[in-house]
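Listing of final-v7.txt, compact mmCIF, C-alpha atoms
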# COMPACT_ATOMS: atom_id res chain seq x y z
CA MET A 1 -26.44 28.19 82.16
CA ILE A 2 -27.27 27.90 78.48
CA LEU A 3 -24.58 26.54 76.16
CA ILE A 4 -24.73 27.84 72.61
CA ALA A 5 -23.19 25.47 70.09
CA LYS A 6 -21.23 26.81 67.16
CA LYS A 7 -22.90 26.56 63.78
CA LYS A 8 -21.45 23.93 61.48
CA GLN A 9 -20.51 26.65 58.99
CA ASP A 10 -18.27 28.32 61.60
CA THR A 11 -16.12 25.18 61.89
CA LEU A 12 -15.92 24.41 58.17
CA GLN A 13 -12.65 24.97 56.36
CA PRO A 14 -13.07 26.73 53.00
CA GLU A 15 -12.60 24.23 50.18
CA VAL A 16 -11.65 26.49 47.32
CA ASN A 17 -10.09 29.91 46.58
CA ILE A 18 -12.07 32.01 44.10
CA GLY A 19 -10.48 35.20 42.81
CA LEU A 20 -12.43 38.35 41.98
CA VAL A 21 -10.61 40.20 39.21
CA GLY A 22 -11.36 42.89 36.68
CA HIS A 23 -10.94 46.57 35.81
CA VAL A 24 -10.88 49.10 38.64
CA ASP A 25 -14.31 50.14 40.01
CA HIS A 26 -16.26 47.36 38.26
CA GLY A 27 -17.70 46.15 41.59
CA LYS A 28 -15.43 43.37 42.88
CA THR A 29 -15.40 44.46 46.51
CA THR A 30 -19.16 45.18 46.53
CA LEU A 31 -19.91 41.70 45.17
CA THR A 32 -17.60 40.13 47.77
CA GLU A 33 -19.55 41.93 50.48
CA ARG A 34 -22.89 40.70 49.07
CA LEU A 35 -21.72 37.09 49.04
CA SER A 36 -19.79 37.07 52.31
CA GLY A 37 -21.05 39.96 54.43
CA LYS A 38 -17.49 41.30 54.69
CA TRP A 39 -16.09 44.53 53.20
CA THR A 40 -12.57 43.52 52.15
CA ASP A 41 -11.16 47.05 51.73
CA THR A 42 -9.95 47.65 55.28
CA HIS A 43 -6.64 49.46 54.72
CA SER A 44 -6.89 53.21 55.44
CA GLU A 45 -5.80 54.17 51.92
CA GLU A 46 -8.35 51.75 50.43
CA LEU A 47 -11.17 53.38 52.37
CA LYS A 48 -9.96 56.85 51.46
CA ARG A 49 -9.53 56.21 47.73
CA GLY A 50 -12.35 53.68 47.25
CA ILE A 51 -10.16 51.09 45.53
CA THR A 52 -8.57 47.79 46.56
CA ILE A 53 -4.81 48.09 47.15
CA ARG A 54 -3.95 44.84 48.92
CA LEU A 55 -5.42 41.39 48.46
CA GLY A 56 -8.66 41.10 50.40
CA TYR A 57 -10.06 37.85 51.81
CA ALA A 58 -13.56 36.83 52.80
CA ASP A 59 -15.26 33.48 53.34
CA SER A 60 -18.77 32.55 52.26
CA VAL A 61 -20.96 29.49 52.78
CA PHE A 62 -23.04 28.52 49.74
CA LYS A 63 -26.37 26.91 50.59
CA LYS A 64 -29.35 25.40 48.80
CA CYS A 65 -33.02 25.17 49.70
CA SER A 66 -34.22 21.55 49.43
CA LYS A 67 -37.77 22.62 48.61
CA CYS A 68 -37.14 25.22 45.88
CA ARG A 69 -36.18 23.80 42.52
CA GLY A 70 -33.72 25.29 40.08
CA THR A 71 -31.80 28.51 40.59
CA ALA A 72 -34.16 30.05 43.17
CA GLY A 73 -32.88 27.86 46.00
CA TYR A 74 -29.25 29.02 45.94
CA THR A 75 -28.32 31.46 48.70
CA VAL A 76 -25.84 32.36 51.45
CA LYS A 77 -28.60 32.68 54.07
CA ASP A 78 -29.74 30.20 56.72
CA LYS A 79 -33.32 30.42 55.45
CA CYS A 80 -34.47 30.42 51.83
CA PRO A 81 -35.34 33.98 50.73
CA LYS A 82 -38.20 32.58 48.65
CA CYS A 83 -39.99 30.08 50.92
CA GLU A 84 -38.38 30.60 54.36
CA SER A 85 -37.34 26.93 54.57
CA GLU A 86 -34.08 25.88 56.22
CA THR A 87 -31.18 25.67 53.76
CA LYS A 88 -28.53 22.98 53.42
CA ILE A 89 -24.80 23.77 53.27
CA LEU A 90 -23.15 23.01 49.92
CA ARG A 91 -19.59 24.16 50.63
CA LYS A 92 -17.55 27.00 52.08
CA VAL A 93 -15.43 29.11 49.72
CA SER A 94 -12.75 31.79 50.14
CA PHE A 95 -12.91 34.89 47.96
CA VAL A 96 -9.66 36.63 47.03
CA ASP A 97 -10.46 40.23 46.11
CA ALA A 98 -7.64 41.45 43.83
CA PRO A 99 -7.01 45.11 42.93
CA GLY A 100 -8.01 46.24 39.45
CA HIS A 101 -5.94 49.41 39.22
CA GLU A 102 -3.18 49.18 36.62
CA SER A 103 -0.47 50.30 39.04
CA LEU A 104 -1.33 47.34 41.33
CA MET A 105 -1.06 44.60 38.72
CA ALA A 106 1.76 42.89 40.66
CA THR A 107 -0.61 42.36 43.59
CA MET A 108 -3.22 40.80 41.30
CA LEU A 109 -0.62 38.47 39.74
CA SER A 110 0.55 37.40 43.20
CA GLY A 111 -3.04 36.60 44.14
CA ALA A 112 -3.65 34.58 40.96
CA THR A 113 -1.29 31.83 42.11
CA ILE A 114 -3.59 30.80 44.96
CA MET A 115 -6.82 30.95 42.90
CA ASP A 116 -8.57 27.67 42.01
CA GLY A 117 -11.05 29.57 39.85
CA ALA A 118 -12.03 33.17 39.22
CA ILE A 119 -14.88 35.61 38.74
CA LEU A 120 -14.17 38.28 36.12
CA MET A 121 -16.12 41.46 36.77
CA ILE A 122 -17.18 43.51 33.74
CA ALA A 123 -19.31 46.65 34.17
CA ALA A 124 -22.32 46.84 31.83
CA ASN A 125 -22.12 50.64 31.68
CA GLU A 126 -18.65 50.69 30.06
CA ASN A 127 -17.29 49.35 26.80
CA CYS A 128 -15.64 45.93 26.94
CA PRO A 129 -12.78 45.20 27.19
CA GLN A 130 -11.21 47.86 29.40
CA PRO A 131 -7.36 47.74 29.56
CA GLN A 132 -7.17 45.87 32.88
CA THR A 133 -9.97 43.49 31.84
CA ARG A 134 -7.75 42.36 28.97
CA GLU A 135 -4.69 42.20 31.23
CA HIS A 136 -6.41 40.21 33.96
CA ILE A 137 -7.89 37.58 31.65
CA MET A 138 -4.48 37.08 30.02
CA ALA A 139 -2.87 36.78 33.46
CA LEU A 140 -5.39 34.13 34.51
CA GLN A 141 -4.59 32.10 31.40
CA ILE A 142 -0.84 32.42 31.96
CA MET A 143 -1.13 31.42 35.63
CA GLY A 144 -3.15 28.33 34.65
CA VAL A 145 -6.54 29.28 36.14
CA LYS A 146 -8.92 27.14 34.08
CA ASN A 147 -12.37 27.81 35.56
CA LEU A 148 -13.96 31.24 35.08
CA VAL A 149 -17.36 32.81 35.65
CA ILE A 150 -17.97 36.22 34.07
CA VAL A 151 -20.16 38.70 35.94
CA GLN A 152 -21.80 41.46 33.89
CA ASN A 153 -22.26 43.90 36.76
CA LYS A 154 -24.16 47.20 37.13
CA ILE A 155 -27.10 46.11 34.96
CA ASP A 156 -29.24 48.46 37.05
CA LEU A 157 -27.45 51.44 35.46
CA VAL A 158 -28.22 50.63 31.82
CA LYS A 159 -31.20 49.96 29.56
CA LYS A 160 -31.81 46.54 28.03
CA GLU A 161 -30.35 47.58 24.65
CA GLN A 162 -27.08 48.74 26.21
CA ALA A 163 -26.87 45.59 28.35
CA MET A 164 -27.25 43.41 25.25
CA LYS A 165 -24.65 45.46 23.37
CA ASN A 166 -22.23 45.01 26.29
CA TYR A 167 -23.01 41.26 26.38
CA LYS A 168 -22.09 40.94 22.70
CA GLN A 169 -18.85 42.85 23.36
CA ILE A 170 -18.01 40.36 26.14
CA LYS A 171 -18.69 37.37 23.86
CA GLU A 172 -16.50 38.90 21.14
CA PHE A 173 -13.75 39.59 23.67
CA ILE A 174 -13.58 36.04 25.08
CA LYS A 175 -14.05 34.08 21.84
CA GLU A 176 -10.28 33.82 21.19
CA THR A 177 -9.44 32.91 24.81
CA GLU A 178 -9.61 29.70 26.86
CA TYR A 179 -12.80 31.06 28.41
CA LYS A 180 -14.97 31.26 25.29
CA ASP A 181 -17.59 29.01 26.91
CA ALA A 182 -17.54 30.68 30.34
CA PRO A 183 -21.01 31.57 31.69
CA ILE A 184 -21.89 35.29 31.66
CA ILE A 185 -24.17 36.22 34.58
CA PRO A 186 -25.87 39.66 34.60
CA VAL A 187 -26.08 41.04 38.17
CA SER A 188 -26.42 44.19 40.21
CA ALA A 189 -24.05 43.75 43.14
CA GLN A 190 -25.21 47.07 44.58
CA HIS A 191 -28.85 45.91 44.77
CA ASN A 192 -28.11 42.19 45.33
CA ILE A 193 -29.90 41.17 42.12
CA ASN A 194 -29.27 37.76 40.51
CA THR A 195 -26.75 36.58 43.14
CA GLU A 196 -28.59 33.24 43.35
CA VAL A 197 -27.92 32.68 39.63
CA LEU A 198 -24.27 33.55 40.20
CA ILE A 199 -23.94 31.07 43.09
CA GLU A 200 -25.41 28.32 40.90
CA ALA A 201 -22.94 29.18 38.10
CA ILE A 202 -20.00 29.10 40.54
CA GLU A 203 -21.10 25.72 41.90
CA LYS A 204 -21.31 24.26 38.39
CA THR A 205 -18.21 25.94 36.90
CA ILE A 206 -15.60 26.03 39.70
CA PRO A 207 -15.28 22.58 41.31
CA THR A 208 -13.19 21.86 44.38
CA PRO A 209 -9.84 20.58 43.03
CA ALA A 210 -8.26 17.32 44.15
CA ARG A 211 -5.84 17.97 47.02
CA ASP A 212 -2.95 15.98 48.45
CA PRO A 213 -3.05 16.34 52.26
CA SER A 214 -0.34 13.68 52.65
CA ALA A 215 2.27 15.70 50.75
CA THR A 216 4.95 17.81 52.45
CA PRO A 217 3.18 21.05 53.49
CA MET A 218 3.81 24.19 51.46
CA MET A 219 2.08 27.50 52.10
CA PHE A 220 2.29 30.64 49.95
CA VAL A 221 2.23 33.78 52.11
CA ALA A 222 0.06 36.52 50.60
CA ARG A 223 -0.21 38.73 53.71
CA SER A 224 1.74 39.13 56.95
CA PHE A 225 0.77 41.42 59.78
CA ASP A 226 0.88 42.37 63.45
CA ILE A 227 -2.52 42.12 65.18
CA ASN A 228 -1.43 43.75 68.46
CA LYS A 229 -2.97 47.13 69.22
CA PRO A 230 -0.75 50.03 70.33
CA GLY A 231 -0.25 49.96 74.08
CA THR A 232 -0.69 46.18 74.45
CA LYS A 233 1.10 44.92 77.57
CA ILE A 234 4.16 42.78 76.89
CA ALA A 235 2.62 39.73 78.58
CA LYS A 236 -0.34 39.87 76.20
CA ILE A 237 1.53 40.46 72.92
CA VAL A 238 0.66 37.91 70.24
CA GLY A 239 3.23 36.73 67.68
CA GLY A 240 3.21 37.65 64.00
CA VAL A 241 0.49 36.35 61.66
CA LEU A 242 1.02 34.79 58.21
CA GLY A 243 -1.97 34.72 55.87
CA GLY A 244 -2.27 32.85 52.62
CA SER A 245 -3.15 29.45 51.21
CA LEU A 246 -1.82 25.95 51.80
CA LYS A 247 -0.97 24.45 48.41
CA GLN A 248 -0.48 20.93 49.74
CA GLY A 249 -0.06 18.94 52.94
CA LYS A 250 -1.26 19.79 56.47
CA PHE A 251 -0.20 22.03 59.33
CA LYS A 252 -0.91 21.33 63.00
CA SER A 253 -0.94 23.75 65.90
CA GLY A 254 2.31 23.50 67.85
CA GLU A 255 4.45 22.43 64.86
CA GLU A 256 7.82 24.00 64.05
CA ILE A 257 7.94 25.76 60.67
CA GLU A 258 10.53 27.29 58.35
CA ILE A 259 9.96 30.43 56.29
CA ARG A 260 11.97 31.15 53.13
CA PRO A 261 13.56 33.34 51.80
CA GLY A 262 13.13 34.85 55.30
CA TYR A 263 14.78 38.09 56.44
CA GLU A 264 17.56 40.25 55.04
CA VAL A 265 20.96 40.53 56.75
CA GLU A 266 24.33 41.94 55.69
CA GLU A 267 27.37 39.68 55.77
CA ARG A 268 30.79 40.58 54.34
CA ASN A 269 29.33 43.68 52.69
CA GLN A 270 26.71 41.55 50.94
CA LYS A 271 22.98 41.45 51.52
CA ILE A 272 21.67 37.92 51.91
CA PHE A 273 18.47 36.37 53.17
CA LYS A 274 18.28 33.87 56.03
CA PRO A 275 15.34 31.57 56.74
CA LEU A 276 13.13 32.19 59.75
CA PHE A 277 12.10 29.47 62.18
CA ALA A 278 9.02 29.64 64.37
CA LYS A 279 6.32 27.68 66.11
CA ILE A 280 2.64 27.66 65.10
CA THR A 281 0.71 28.92 68.14
CA ASP A 282 -2.75 28.89 66.53
CA ILE A 283 -4.42 28.31 63.15
CA LYS A 284 -7.36 30.34 61.88
CA THR A 285 -9.53 29.21 59.00
CA GLY A 286 -13.16 29.76 58.19
CA GLY A 287 -13.30 32.40 60.94
CA THR A 288 -12.36 30.10 63.81
CA SER A 289 -9.38 28.40 65.46
CA VAL A 290 -8.57 24.83 64.44
CA GLU A 291 -5.98 22.28 65.55
CA GLU A 292 -5.18 21.20 61.99
CA VAL A 293 -5.58 22.70 58.54
CA GLY A 294 -5.36 21.14 55.08
CA PRO A 295 -5.09 22.60 51.58
CA GLY A 296 -7.93 24.70 50.18
CA GLY A 297 -9.22 28.15 51.05
CA SER A 298 -7.47 31.02 52.79
CA MET A 299 -6.03 30.54 56.27
CA ALA A 300 -3.78 32.27 58.78
CA LEU A 301 -0.98 30.96 60.98
CA LEU A 302 -0.41 32.67 64.32
CA THR A 303 3.26 32.19 65.11
CA SER A 304 5.92 32.80 67.73
CA LEU A 305 7.62 35.35 65.43
CA ASP A 306 8.35 38.84 66.72
CA PRO A 307 5.45 40.98 65.39
CA SER A 308 7.90 43.58 64.03
CA ILE A 309 9.23 41.01 61.55
CA VAL A 310 5.86 40.44 59.88
CA LYS A 311 4.14 43.84 59.99
CA SER A 312 3.09 45.65 56.79
CA ASP A 313 3.33 42.48 54.66
CA LYS A 314 7.09 42.19 55.15
CA LEU A 315 6.95 38.41 54.64
CA SER A 316 4.43 38.35 51.78
CA GLY A 317 5.85 36.27 48.96
CA CYS A 318 7.57 33.84 51.33
CA VAL A 319 6.94 30.09 51.42
CA VAL A 320 6.24 28.22 54.67
CA GLY A 321 6.83 24.54 55.36
CA HIS A 322 8.58 22.06 57.63
CA LYS A 323 12.27 22.61 58.36
CA ASP A 324 14.58 21.55 55.51
CA HIS A 325 11.63 20.54 53.30
CA LEU A 326 11.18 23.74 51.29
CA PRO A 327 12.30 24.52 47.72
CA LYS A 328 15.60 26.34 47.19
CA VAL A 329 16.01 30.10 47.36
CA TRP A 330 16.99 31.71 44.05
CA TYR A 331 19.07 34.89 43.83
CA ASP A 332 19.26 34.47 40.06
CA PHE A 333 17.82 31.99 37.60
CA THR A 334 17.39 31.12 33.94
CA LEU A 335 13.92 31.36 32.43
CA GLU A 336 12.65 29.55 29.36
CA THR A 337 10.63 32.36 27.77
CA HIS A 338 7.18 32.37 26.21
CA LEU A 339 6.43 35.91 25.03
CA LEU A 340 3.06 37.22 23.84
CA ASP A 341 2.61 38.86 20.46
CA ARG A 342 1.17 42.07 21.94
CA VAL A 343 1.71 44.02 25.16
CA VAL A 344 -1.27 43.44 27.46
CA GLY A 345 -3.00 46.38 29.16
CA ALA A 346 -1.60 49.21 27.04
CA ALA A 347 -4.14 51.56 25.48
CA GLU A 348 -2.50 51.23 22.05
CA GLU A 349 -1.48 48.09 20.14
CA LEU A 350 2.19 47.46 20.95
CA LYS A 351 4.24 44.54 19.68
CA VAL A 352 6.30 42.67 22.30
CA GLU A 353 9.96 43.31 21.53
CA PRO A 354 12.60 40.67 22.38
CA ILE A 355 14.07 40.65 25.89
CA LYS A 356 17.13 42.94 26.11
CA LYS A 357 20.32 42.60 28.13
CA LEU A 358 20.40 44.68 31.35
CA GLU A 359 16.62 45.21 31.07
CA ALA A 360 14.75 45.33 34.40
CA LEU A 361 11.63 43.12 34.36
CA MET A 362 8.94 42.60 36.98
CA LEU A 363 8.59 38.91 37.78
CA ASN A 364 5.76 37.24 39.73
CA ILE A 365 6.12 33.72 41.07
CA ASN A 366 3.92 31.94 43.62
CA SER A 367 2.82 34.85 45.82
CA ALA A 368 6.07 36.80 45.38
CA ALA A 369 6.88 39.83 43.23
CA THR A 370 10.46 40.79 42.42
CA VAL A 371 12.53 42.63 39.82
CA GLY A 372 14.98 40.73 37.64
CA VAL A 373 17.82 42.38 35.72
CA VAL A 374 18.73 40.44 32.57
CA THR A 375 22.40 39.35 32.63
CA GLU A 376 22.55 36.78 29.79
CA LEU A 377 20.53 36.09 26.66
CA GLY A 378 20.04 32.77 24.86
CA LYS A 379 17.68 31.16 22.38
CA ASN A 380 14.19 31.36 23.93
CA LYS A 381 15.69 31.89 27.37
CA PHE A 382 17.45 34.47 29.50
CA ARG A 383 19.23 34.66 32.83
CA CYS A 384 18.50 37.39 35.36
CA LYS A 385 19.67 38.57 38.76
CA LEU A 386 16.87 39.14 41.25
CA LYS A 387 16.50 42.25 43.38
CA LEU A 388 14.63 40.16 45.98
CA PRO A 389 15.26 36.39 46.10
CA VAL A 390 12.37 33.94 45.75
CA CYS A 391 11.68 30.45 47.06
CA ALA A 392 10.42 28.21 44.26
CA GLU A 393 10.77 24.82 42.64
CA PRO A 394 12.45 24.34 39.25
CA GLY A 395 9.76 24.23 36.57
CA SER A 396 7.66 26.89 38.31
CA ARG A 397 5.85 29.40 36.11
CA VAL A 398 6.86 33.07 36.30
CA THR A 399 4.90 35.96 34.76
CA ILE A 400 7.02 38.58 33.01
CA SER A 401 6.11 42.28 32.86
CA ARG A 402 8.03 45.09 31.16
CA ARG A 403 7.99 48.80 31.86
CA VAL A 404 6.03 50.53 29.10
CA GLY A 405 5.78 54.25 29.72
CA ASN A 406 5.35 54.60 33.48
CA ARG A 407 3.72 51.19 34.09
CA PHE A 408 4.77 47.54 34.04
CA ARG A 409 2.79 45.64 31.39
CA LEU A 410 2.38 41.89 31.03
CA ILE A 411 4.42 40.52 28.10
CA GLY A 412 4.57 36.77 28.74
CA PHE A 413 5.77 34.07 31.12
CA GLY A 414 8.83 31.96 31.79
CA ILE A 415 9.65 28.55 33.28
CA ILE A 416 12.48 28.28 35.84
CA LEU A 417 15.19 26.00 34.46
CA GLU A 418 17.63 23.96 36.53
CA LYS A 419 21.16 25.35 36.54
Conversion result in structure tokens:
Amino acid sequence: MILIAKKKQDTLQPEVNIGLVGHVDHGKTTLTERLSGKWTDTHSEELKRGITIRLGYADSVFKKCSKCRGTAGYTVKDKCPKCESETKILRKVSFVDAPGHESLMATMLSGATIMDGAILMIAANENCPQPQTREHIMALQIMGVKNLVIVQNKIDLVKKEQAMKNYKQIKEFIKETEYKDAPIIPVSAQHNINTEVLIEAIEKTIPTPARDPSATPMMFVARSFDINKPGTKIAKIVGGVLGGSLKQGKFKSGEEIEIRPGYEVEERNQKIFKPLFAKITDIKTGGTSVEEVGPGGSMALLTSLDPSIVKSDKLSGCVVGHKDHLPKVWYDFTLETHLLDRVVGAAEELKVEPIKKLEALMLNINSAATVGVVTELGKNKFRCKLKLPVCAEPGSRVTISRRVGNRFRLIGFGIILEK
């Protein structure tokens, strides 16, 4: 009998979450596939419409040829494409593929909270910036994402003169942002051109952040789902799965966990949320099962929860941790406001008007999205009642979007104040 050992890369935990953001159809999902080998649009509507609707996840192992000098040696392959030598593993990364369509901005904002760095996709065959390009780069700044690599995609579709014109538009666009010095890498994701240059830029621009594995564990749930196929026998049914990123601390297989805000119940004619309690039955990270997982990269917890509770992302936006060690659940809160001068993402230049009483605002915090109705106004702050409660610490940052026409547009951010 021949025993085949697992490759080291199969047992590695991803070290860093890298978001792929940008205007719809600028090539985010194609680039993810080139770097990871995985097509992240798997939902039936995504395949039908050709756009990303939910957050997609894929892991990739960056490698370097020890013989080839400079950019040429960077790859995701076991052997160097240039000299056929064995490559050495640099690190494993998780890509978070966020939707670019304007109607799915809430999903992108939810994904931004687990990103340690980002790749902004800009198509060379369109003028820059497109509305969602502007909105996404502002969202990254608001959410505190510091490290950015810009990809000028689809260079195979334009002549050199148009590519240079587009490059100058990108430089003009970013000069007033925090990312004025971000590298701009021309690529063709469709034809896998210049990906080695991109990998080098990512390695130099997006470092692995310092983590605190000794802290109390806290996981932001970005996806929740049932992996059982129709017709599965009861004895073989697997519990619900929670996917997301561990912000701090460690989880071990077999541990008891708490999930807040949890599930909705009605008591005394009032709808309230109660926390869920479960046991971790398995942990998946880097494409394999592990006994223990620390912060960094995307991961999934297999739990003892009834699969019906988690299906269709019912628990996305929740926070997972040890029992009685999670932040409080807010049904309403006061936000210290920081509004932008202009509405982001609108085709025309619109000034941001002051927050109004009884106005309904879309709020994104951690991996959760909710609607808040303004109940009180104060100087540089307002209080709002939440349609869906959120679990968060005081001082957490909340993005604020307002309905403009038939879409919610980003207008600023707020900080949760103690009562």
Go through A:Leu335, A:Leu410, A:Ile237, A:Val329 and flag the residue nearest Pro389 of chain A, using all atoms listed in the file for the distances.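 Between A:Leu335, A:Leu410, A:Ile237, A:Val329, the residue approaching Pro389 of chain A most closely is A:Val329.
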Measuring between only C-alpha atoms, which one of A:Leu358, A:Val241, A:Ile202, A:Val151 shows the shortest distance to Leu305 of chain A?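 Result for the nearest residue to Leu305 of chain A: A:Val241.
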Within 12 Å of Glu203 of chain A, counting only C-alpha atoms, which residues qualify if same-chain residues fewer than 4 places away don't, as a ChimeraX atom specification? /A:15-16,18,61-64,71,74-75,90-93,117,147-149,183,196-199,207-208
Just write the chosen residues, C-alpha atoms, as a PDB file, in the frame of the given file.
ATOM      1  CA  GLU A  15     -12.600  24.230  50.180  1.00  0.00           C
ATOM      2  CA  VAL A  16     -11.650  26.490  47.320  1.00  0.00           C
ATOM      3  CA  ILE A  18     -12.070  32.010  44.100  1.00  0.00           C
ATOM      4  CA  VAL A  61     -20.960  29.490  52.780  1.00  0.00           C
ATOM      5  CA  PHE A  62     -23.040  28.520  49.740  1.00  0.00           C
ATOM      6  CA  LYS A  63     -26.370  26.910  50.590  1.00  0.00           C
ATOM      7  CA  LYS A  64     -29.350  25.400  48.800  1.00  0.00           C
ATOM      8  CA  THR A  71     -31.800  28.510  40.590  1.00  0.00           C
ATOM      9  CA  TYR A  74     -29.250  29.020  45.940  1.00  0.00           C
ATOM     10  CA  THR A  75     -28.320  31.460  48.700  1.00  0.00           C
ATOM     11  CA  LEU A  90     -23.150  23.010  49.920  1.00  0.00           C
ATOM     12  CA  ARG A  91     -19.590  24.160  50.630  1.00  0.00           C
ATOM     13  CA  LYS A  92     -17.550  27.000  52.080  1.00  0.00           C
ATOM     14  CA  VAL A  93     -15.430  29.110  49.720  1.00  0.00           C
ATOM     15  CA  GLY A 117     -11.050  29.570  39.850  1.00  0.00           C
ATOM     16  CA  ASN A 147     -12.370  27.810  35.560  1.00  0.00           C
ATOM     17  CA  LEU A 148     -13.960  31.240  35.080  1.00  0.00           C
ATOM     18  CA  VAL A 149     -17.360  32.810  35.650  1.00  0.00           C
ATOM     19  CA  PRO A 183     -21.010  31.570  31.690  1.00  0.00           C
ATOM     20  CA  GLU A 196     -28.590  33.240  43.350  1.00  0.00           C
ATOM     21  CA  VAL A 197     -27.920  32.680  39.630  1.00  0.00           C
ATOM     22  CA  LEU A 198     -24.270  33.550  40.200  1.00  0.00           C
ATOM     23  CA  ILE A 199     -23.940  31.070  43.090  1.00  0.00           C
ATOM     24  CA  PRO A 207     -15.280  22.580  41.310  1.00  0.00           C
ATOM     25  CA  THR A 208     -13.190  21.860  44.380  1.00  0.00           C
TER      26      THR A 208
END
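Across the model, the gap from atom CA of Ile119 of chain A to atom CA of Ala189 of chain A is 13.0 Å.
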Here's a test: counting all atoms listed in the file, identify every protein, DNA and RNA residue with an atom at most 12 Å from (-6.3, 10.6, 50.5) in the file's coordinate frame, and state them as a ChimeraX atom specification. /A:210-215,248-249,294
With distances taken over all atoms listed in the file, which residue among A:Lys271, A:Lys284, A:Lys387, A:Arg260 lies nearest Gly244 of chain A?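 Among A:Lys271, A:Lys284, A:Lys387, A:Arg260, it is A:Lys284 that comes nearest to Gly244 of chain A.
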List the spatial neighbours of Leu363 of chain A as an mmCIF file with C-alpha atoms, in the coordinates of the input - criterion: any atom at most 12 Å away, only C-alpha atoms, same-chain residues fewer than 3 positions off excluded.
data_model
loop_
_atom_site.group_PDB
_atom_site.id
_atom_site.type_symbol
_atom_site.label_atom_id
_atom_site.label_comp_id
_atom_site.auth_asym_id
_atom_site.auth_seq_id
_atom_site.Cartn_x
_atom_site.Cartn_y
_atom_site.Cartn_z
ATOM 1 C CA MET A 105 -1.060 44.600 38.720
ATOM 2 C CA ALA A 106 1.760 42.890 40.660
ATOM 3 C CA THR A 107 -0.610 42.360 43.590
ATOM 4 C CA LEU A 109 -0.620 38.470 39.740
ATOM 5 C CA SER A 110 0.550 37.400 43.200
ATOM 6 C CA GLY A 317 5.850 36.270 48.960
ATOM 7 C CA ASP A 332 19.260 34.470 40.060
ATOM 8 C CA PHE A 333 17.820 31.990 37.600
ATOM 9 C CA LEU A 335 13.920 31.360 32.430
ATOM 10 C CA ALA A 360 14.750 45.330 34.400
ATOM 11 C CA ASN A 366 3.920 31.940 43.620
ATOM 12 C CA SER A 367 2.820 34.850 45.820
ATOM 13 C CA ALA A 368 6.070 36.800 45.380
ATOM 14 C CA ALA A 369 6.880 39.830 43.230
ATOM 15 C CA THR A 370 10.460 40.790 42.420
ATOM 16 C CA VAL A 371 12.530 42.630 39.820
ATOM 17 C CA GLY A 372 14.980 40.730 37.640
ATOM 18 C CA VAL A 373 17.820 42.380 35.720
ATOM 19 C CA VAL A 374 18.730 40.440 32.570
ATOM 20 C CA CYS A 384 18.500 37.390 35.360
ATOM 21 C CA LYS A 385 19.670 38.570 38.760
ATOM 22 C CA LEU A 386 16.870 39.140 41.250
ATOM 23 C CA LYS A 387 16.500 42.250 43.380
ATOM 24 C CA LEU A 388 14.630 40.160 45.980
ATOM 25 C CA PRO A 389 15.260 36.390 46.100
ATOM 26 C CA VAL A 390 12.370 33.940 45.750
ATOM 27 C CA ARG A 397 5.850 29.400 36.110
ATOM 28 C CA VAL A 398 6.860 33.070 36.300
ATOM 29 C CA THR A 399 4.900 35.960 34.760
ATOM 30 C CA ILE A 400 7.020 38.580 33.010
ATOM 31 C CA SER A 401 6.110 42.280 32.860
ATOM 32 C CA ARG A 402 8.030 45.090 31.160
ATOM 33 C CA ARG A 403 7.990 48.800 31.860
ATOM 34 C CA PHE A 408 4.770 47.540 34.040
ATOM 35 C CA ARG A 409 2.790 45.640 31.390
ATOM 36 C CA LEU A 410 2.380 41.890 31.030
ATOM 37 C CA ILE A 411 4.420 40.520 28.100
ATOM 38 C CA GLY A 412 4.570 36.770 28.740
ATOM 39 C CA PHE A 413 5.770 34.070 31.120
ATOM 40 C CA GLY A 414 8.830 31.960 31.790
ATOM 41 C CA ILE A 415 9.650 28.550 33.280
ATOM 42 C CA ILE A 416 12.480 28.280 35.840
#
Proximity to Asn17 of chain A - best of A:Tyr263, A:Phe251, A:Trp330, A:Phe95, all atoms listed in the file: A:Phe95
To one decimal place, how far is atom CA of Lys180 of chain A from atom CA of Met115 of chain A in Å?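 These two atoms are separated by 19.4 Å.
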Nearest candidate to Lys146 of chain A (options A:Ala163, A:Leu315, A:Leu340, A:Ala118; using all atoms listed in the file):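 Closest to Lys146 of chain A, using all atoms listed in the file: A:Ala118.
Nearest to Ser36 of chain A of all the residues A:Gln169, A:Ser94, A:Thr285, A:Thr375 is A:Ser94, counting all atoms listed in the file.
When atom CA of Val187 of chain A is paired with atom CA of Asn153 of chain A, their separation reads 5.0 Å.
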Skip Ile259 of chain A itself and residues of its chain fewer than 3 positions away, then list as a PyMOL selection string all residues within 6 Å of it, counting only C-alpha atoms. chain A and resi 262+275-276+319-320
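A distance cut-off of 12 Å around (-40.8, 27.9, 54.4), counting all atoms listed in the file, selects these protein and nucleic acid residues: Cys65, Ser66, Lys67, Cys68, Gly73, Asp78, Lys79, Cys80, Pro81, Lys82, Cys83, Glu84, Ser85, Glu86 and Thr87 of chain A.
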Lys171 of chain A environment, 12 Å, all atoms listed in the file, sequence neighbours closer than 2 positions dropped, as a PyMOL selection string: chain A and resi 122+128-129+150+152+164-169+173-177+179-184
Just need the box for segment 161-165 of chain A, edges along x, y and z, holding every atom the file lists for it with 6 Å tacked onto each side, so centre and edge lengths in Å to one decimal, as AutoDock Vina command-line options.
--center_x -27.5 --center_y 46.1 --center_z 25.9 --size_x 17.7 --size_y 17.3 --size_z 17.0
